[in-house]
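As structure tokens, the structure follows; a few thoughts come after it.
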Amino acid sequence: MKAFFAVCVAVCLTICGNVCAEQQPASFRLALVPSSQGIFLVFPFESDGASPRLEWLSEGLEELTIQRLSAAGQQVYTHEARTTELERDGLPPAARFSHATMLRIAADLDADFVVFGKFNSDGKSLAIEVRLLRVNPTSLSAPIRQSGPLESLMESHAILVWRLLAANDKGFPLNLADFTKLQRPLRLDAFEHYIRGLLASDDDARMRELREAARLDPDWPESAFAIGQAYFSRRDCDSALPWLTRVPAANSRVTEATFRIGVCRLLLNQPEKAEEVFLSLQDRLKKAFVAGAELPEILNNLALAQARRGDTAAAASSLLRALDLDPDEDDYPFNLGLLYLRGNDTTTAAKYFREASDREPENPEDRALLIYALEKAGNKSEANEERNSAAESFGPNVLPAVKPETFARLQRITTELDIATLQLEIASKDSGNGHGEGTPSAAGASPSSLVRRGRQELVAGRLDTAEQAFRAALTTAPHDASAHRGMAEVYRRKNKRPEAIQELQAALELRDSAVDRTTLARIYLEQKKPDLAKAELARALMIAPNYTEARQLQEHLQNGNAKPKTP
């Protein structure tokens with residue numbers, strides 16, 4: 001599902017419950033916060049003549065707005081989600097964008113509102129202006145302005161965000177006093193060091209700024225998470241764990257923090273603790289949101305913990321569910337193949353290594369394990385065919401050696417969690433659209449809500465109801481690129497590749513997209529049409545030169561086809 005949902009690195013979750021099994025009891029509850037007005041996407045605020053030493057306020061006001069909205073119970077994308085989407089579109093993250101561009105980015109992220117603004121300061125006072133851009137139907141609010149002493153930034157900004165929410169919803173249930181109670185008091189100097197740490201390009205400077213933020217405000221979870229994340233990115237789990245476990249259950253970062261705690265437990269080879277963390281996280285998500293939607297990243301890591309404990313049946317069940325949920329990722333069938341290979345069921349192992357190789361044809365390790373399993377299962381001729389095919393694709397002596405004593409180290413741990421799907425669940429829950437088993441109704445529903453419902457059904461693995469929702473959206477709005485994209489994903493997961501190609505081409509005629517062209521390239525590869533795949537990847541990288549998935553897929557193709565081919 002990465003090709004469909006990887007647009008979002010993260011989304012702030014405003015719920016309360018236990019996911020840190022190492023800290024909290026096993027009870028779960030939702031935070032008592034007001035109903036959300038929709039999904040918000042916040043852009044950096046523009047400097048309108050402020051001193052260069054206050055440039056950090058551009059991203060600082062973006063981040064502070066995200067935190068204020070989240071604390072008030074609103075659904076809001078993180079800074080990372082926005083910059084990831086911009087990368088996919090080949091756009092610089094700090095550039096000034098037109099209203100039309102912001103609307104397009106928001107539509108791609110299924111956001112309902114765009115928040116943007118500007119600020120000015122003479123070094124003593126600070127003036128902030130904010131505006132709200134509604135996605136559907138499109139409308140632009142009047143500017144809301146708030147001024148005050150620079151040292152009163154936190155108080156002035158809280159008032160500004162409250163006024164924004166109250167103006168957008170005349171029935172907003174919180175007065176200013178109640179809204180303020182939901183906001184955690186935060187020192188301005190600690191916040192400045194935190195933002196400077198996030199913006200730092202040097203790793204040592206980043207850690208220095210973040211540690212200073214934590215020193216000034218020791219109980220602030222955001223700096224603790226950032227420090228834990230910095231250590232986690234170095235795979236220094238012994239240093240990361242004390243910081244990650246400081247993120248409380250009600251904090252918007254708790255899902256990400258808990259997932260990283262579980263990953264660290266796996267990396268430290270503590271399967272019992274890892275299983276406890278992933279089970280608690282999965283249980284909490286099922287209880288907090290509508291039952292049926294699961295995240296394959298959690299299921300994969302849970303399976304690895306179960307396998308290390310010797311519970312092969314549970315591990316296989318978790319991996320099979322992850323495999324069903326994500327049609328792109330080859331790690332899940334690879335881990336299944338490894339599970340059966342270590343259990344001496346070489347025939348079943350070969351089946352899953354073949355699926356991994358089909359999902360990622362340019363991965364030499366997938367192919368090497370497939371050949372090994374076929375040989376051990378006695379399928380010598382098939383193994384030789386795969387070996388010749390690999391030599392043609394990769395060149396001679398490229399496949400890694402397979403040694404049984406290294407099997408335990410070959411397990412593929414998922415280290416990053418894409419929680420965009422959780423945002424879809426929040427939207428469904430707050431809007432009252434439960435995941436019933438019936439047909440999605442188009443009566444009174446907007447095309448965007450039908451597309452969102454279709455994506456929710458995809459998350460839960462209900463392809464037929466997802467298809468019905470996307471069809472209903474296209475009946476209402478036949479030129480909706482997102483609905484065509486959703487239909488393409490349904491067809492792809494039903495192995496109807498020609499229909500999927502047709503829908504992607506329809507989406508591309510309406511709006512060119514590096515993401516859609518990369519997905520189209522993957523389908524062409526599945527059809528054994530590498531030249532068509534190359535052409536789509538070249539177009540994708542013209543749109544977004546730094547789009548990671550397109551670059552990686554192109555490199556795989558170039559490396560494979562650069563080798564001499566067998567006559």
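Here, A, B, ... name the chains of the structure tokens in the order displayed, residue numbers run from 1 inside each chain, and ligands are numbered from 1 in the same displayed order.
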Q: Give the helix (DSSP H, G or I) residues of region 143-388 of chain A, as DSSP finds them on the backbone, and put them as an MDAnalysis selection string.
A: chainID A and resid 150:168 176:182 188:199 203:216 221:233 237:244 254:267 271:288 296:308 312:325 331:342 346:359 364:376 380:388
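For Leu160 (chain A), the list of residues within 10 Å, based on only C-alpha atoms and with local chain neighbours fewer than 3 positions off taken out, reads Thr65, Ile128, Glu129, Val130, Ile144, Arg145, Gln146, Ser147, Met154, Glu155, Ser156, His157, Arg163, Leu164, Leu165 and Ala166 of chain A.
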Can you write out the residues you just picked, keeping all heavy atoms, as a compact mmCIF listing (two decimals), in the first residue's frame?
# COMPACT_ATOMS: atom_id res chain seq x y z
N THR A 65 1.12 26.01 15.11
CA THR A 65 -0.28 25.90 14.68
C THR A 65 -0.72 24.44 14.64
O THR A 65 -1.83 24.10 15.06
CB THR A 65 -0.45 26.55 13.29
OG1 THR A 65 -0.04 27.91 13.35
CG2 THR A 65 -1.90 26.48 12.84
N ILE A 128 0.86 38.74 13.68
CA ILE A 128 0.63 37.51 12.92
C ILE A 128 -0.72 37.61 12.22
O ILE A 128 -1.71 38.08 12.80
CB ILE A 128 0.62 36.26 13.83
CG1 ILE A 128 1.81 36.27 14.80
CG2 ILE A 128 0.63 34.99 13.00
CD1 ILE A 128 1.75 35.15 15.82
N GLU A 129 -0.75 37.15 10.98
CA GLU A 129 -1.99 37.09 10.21
C GLU A 129 -2.17 35.66 9.71
O GLU A 129 -1.22 35.04 9.23
CB GLU A 129 -1.95 38.05 9.03
CG GLU A 129 -3.18 37.98 8.13
CD GLU A 129 -3.07 38.90 6.93
OE1 GLU A 129 -3.00 40.13 7.15
OE2 GLU A 129 -3.04 38.38 5.79
N VAL A 130 -3.38 35.13 9.80
CA VAL A 130 -3.65 33.77 9.35
C VAL A 130 -4.92 33.77 8.51
O VAL A 130 -5.84 34.57 8.73
CB VAL A 130 -3.80 32.81 10.56
CG1 VAL A 130 -5.02 33.14 11.39
CG2 VAL A 130 -3.83 31.36 10.10
N ILE A 144 -7.31 36.91 9.69
CA ILE A 144 -7.45 37.09 11.14
C ILE A 144 -6.09 37.54 11.66
O ILE A 144 -5.08 36.89 11.39
CB ILE A 144 -7.91 35.79 11.82
CG1 ILE A 144 -9.27 35.38 11.28
CG2 ILE A 144 -7.96 35.96 13.34
CD1 ILE A 144 -9.74 34.03 11.79
N ARG A 145 -6.06 38.63 12.40
CA ARG A 145 -4.79 39.22 12.83
C ARG A 145 -4.73 39.27 14.35
O ARG A 145 -5.73 39.48 15.03
CB ARG A 145 -4.64 40.61 12.25
CG ARG A 145 -4.63 40.65 10.72
CD ARG A 145 -4.46 42.06 10.19
NE ARG A 145 -4.41 42.09 8.73
CZ ARG A 145 -5.48 42.23 7.94
NH1 ARG A 145 -6.68 42.35 8.50
NH2 ARG A 145 -5.35 42.24 6.63
N GLN A 146 -3.51 39.09 14.85
CA GLN A 146 -3.28 39.16 16.29
C GLN A 146 -1.89 39.77 16.51
O GLN A 146 -0.91 39.35 15.87
CB GLN A 146 -3.36 37.78 16.93
CG GLN A 146 -3.37 37.77 18.43
CD GLN A 146 -4.69 38.30 19.00
OE1 GLN A 146 -5.74 38.12 18.39
NE2 GLN A 146 -4.63 38.93 20.15
N SER A 147 -1.79 40.73 17.41
CA SER A 147 -0.52 41.39 17.70
C SER A 147 -0.27 41.38 19.20
O SER A 147 -1.19 41.27 20.01
CB SER A 147 -0.53 42.84 17.20
OG SER A 147 -0.75 42.89 15.81
N MET A 154 3.38 32.90 22.59
CA MET A 154 2.57 31.73 22.88
C MET A 154 1.12 32.11 23.17
O MET A 154 0.18 31.49 22.67
CB MET A 154 3.17 30.95 24.06
CG MET A 154 4.54 30.38 23.78
SD MET A 154 4.51 29.25 22.37
CE MET A 154 6.26 29.01 22.08
N GLU A 155 0.92 33.15 23.96
CA GLU A 155 -0.43 33.59 24.30
C GLU A 155 -1.13 34.17 23.08
O GLU A 155 -2.31 33.86 22.81
CB GLU A 155 -0.39 34.62 25.43
CG GLU A 155 0.10 34.10 26.77
CD GLU A 155 1.62 33.96 26.84
OE1 GLU A 155 2.31 34.35 25.87
OE2 GLU A 155 2.11 33.45 27.88
N SER A 156 -0.42 35.01 22.32
CA SER A 156 -1.03 35.62 21.13
C SER A 156 -1.42 34.56 20.10
O SER A 156 -2.49 34.61 19.49
CB SER A 156 -0.06 36.62 20.50
OG SER A 156 0.22 37.69 21.37
N HIS A 157 -0.54 33.60 19.92
CA HIS A 157 -0.82 32.57 18.92
C HIS A 157 -2.00 31.69 19.32
O HIS A 157 -2.81 31.30 18.47
CB HIS A 157 0.43 31.70 18.70
CG HIS A 157 0.24 30.67 17.63
ND1 HIS A 157 -0.19 29.39 17.92
CD2 HIS A 157 0.40 30.72 16.28
CE1 HIS A 157 -0.28 28.70 16.80
NE2 HIS A 157 0.07 29.48 15.79
N ARG A 163 -9.49 31.92 17.46
CA ARG A 163 -10.31 32.78 16.61
C ARG A 163 -10.51 32.15 15.23
O ARG A 163 -11.59 32.25 14.63
CB ARG A 163 -9.67 34.15 16.47
CG ARG A 163 -9.69 34.98 17.76
CD ARG A 163 -8.95 36.30 17.56
NE ARG A 163 -9.55 37.10 16.49
CZ ARG A 163 -8.95 38.13 15.90
NH1 ARG A 163 -7.71 38.47 16.27
NH2 ARG A 163 -9.56 38.80 14.95
N LEU A 164 -9.48 31.49 14.72
CA LEU A 164 -9.57 30.82 13.43
C LEU A 164 -10.62 29.71 13.47
O LEU A 164 -11.48 29.62 12.58
CB LEU A 164 -8.21 30.25 13.05
CG LEU A 164 -8.13 29.48 11.73
CD1 LEU A 164 -8.17 30.44 10.55
CD2 LEU A 164 -6.86 28.63 11.67
N LEU A 165 -10.57 28.87 14.49
CA LEU A 165 -11.52 27.77 14.61
C LEU A 165 -12.94 28.28 14.85
O LEU A 165 -13.91 27.75 14.28
CB LEU A 165 -11.09 26.83 15.73
CG LEU A 165 -9.81 26.03 15.48
CD1 LEU A 165 -9.40 25.27 16.74
CD2 LEU A 165 -9.98 25.07 14.31
N ALA A 166 -13.06 29.28 15.68
CA ALA A 166 -14.38 29.82 15.98
C ALA A 166 -14.99 30.49 14.75
O ALA A 166 -16.21 30.40 14.53
CB ALA A 166 -14.28 30.81 17.14
- Surrounding residues of Val402 (chain A) excluding itself and chain neighbours under 4 positions, 12 Å, only C-alpha atoms, as a PyMOL selection string: chain A and resi 338+341+364-373+375-376+406-410
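Coordinates place CA of Gly262 (chain A) at a distance of 28.2 Å from CA of Phe191 (chain A).
Each of A:Ala535, A:Leu132, A:Ala190, A:Ala488 was checked against Gln502 (chain A) using only C-alpha atoms; the smallest atom-to-atom distance is that of A:Ala488.
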- Task: Show which residues sit within 9 Å of Asp219 (chain A), as a PyMOL selection string. Count only C-alpha atoms, and ignore same-chain residues fewer than 5 positions away.
- Result: chain A and resi 214+224+246
Output the selection as a PDB file, in the first residue's frame - all heavy atoms for each residue.
ATOM      1  N   ALA A 214      15.031  20.467  25.573  1.00  0.00           N
ATOM      2  CA  ALA A 214      14.619  19.533  26.622  1.00  0.00           C
ATOM      3  C   ALA A 214      15.102  19.989  28.000  1.00  0.00           C
ATOM      4  O   ALA A 214      14.424  19.784  29.009  1.00  0.00           O
ATOM      5  CB  ALA A 214      15.149  18.137  26.309  1.00  0.00           C
ATOM      6  N   ALA A 224      11.381  15.561  23.534  1.00  0.00           N
ATOM      7  CA  ALA A 224      11.777  14.195  23.869  1.00  0.00           C
ATOM      8  C   ALA A 224      11.621  13.275  22.667  1.00  0.00           C
ATOM      9  O   ALA A 224      12.505  12.459  22.359  1.00  0.00           O
ATOM     10  CB  ALA A 224      10.933  13.676  25.039  1.00  0.00           C
ATOM     11  N   ARG A 246       9.299   8.678  27.058  1.00  0.00           N
ATOM     12  CA  ARG A 246       8.823   9.867  27.758  1.00  0.00           C
ATOM     13  C   ARG A 246       7.623  10.509  27.053  1.00  0.00           C
ATOM     14  O   ARG A 246       7.043  11.464  27.574  1.00  0.00           O
ATOM     15  CB  ARG A 246       9.965  10.891  27.881  1.00  0.00           C
ATOM     16  CG  ARG A 246      11.023  10.484  28.894  1.00  0.00           C
ATOM     17  CD  ARG A 246      12.257  11.378  28.842  1.00  0.00           C
ATOM     18  NE  ARG A 246      11.958  12.782  29.106  1.00  0.00           N
ATOM     19  CZ  ARG A 246      12.892  13.725  29.211  1.00  0.00           C
ATOM     20  NH1 ARG A 246      14.169  13.394  29.064  1.00  0.00           N
ATOM     21  NH2 ARG A 246      12.568  14.970  29.448  1.00  0.00           N
TER      22      ARG A 246
END
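In this structure, CA of Phe179 (chain A) sits 9.2 Å away from CA of Arg68 (chain A).
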message = Could you pull out the strand (DSSP E or B) residues of region 19-162 of chain A, going by DSSP on the backbone, and write them as number ranges by chain?
response = A: 28, 39-42, 46-47, 75-77, 113-121, 125-134, 139-140, 144-149
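For the choices A:Gly343, A:Gln411, A:Ala230, A:Asn388, the atom-to-atom distance to Leu304 (chain A) is smallest for A:Gln411 when using only C-alpha atoms.
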Selection near Gly148 (chain A), 8 Å with only C-alpha atoms, sequence-local residues under 6 positions removed, as number ranges by chain: A: 125-127, 156
Compile the contact shell of region 523-531 of chain A as JSON, numbers by chain: residues with an atom at most 8 Å away, counting only C-alpha atoms, same-chain residues fewer than 2 positions apart removed. {"A": [358, 359, 361, 492, 497, 501, 519, 520, 521, 533, 534, 535, 557]}
Closest of A:Leu133, A:Leu458, A:Ala544, A:Ala111 to Ser98 (chain A), counting only C-alpha atoms, is A:Leu133
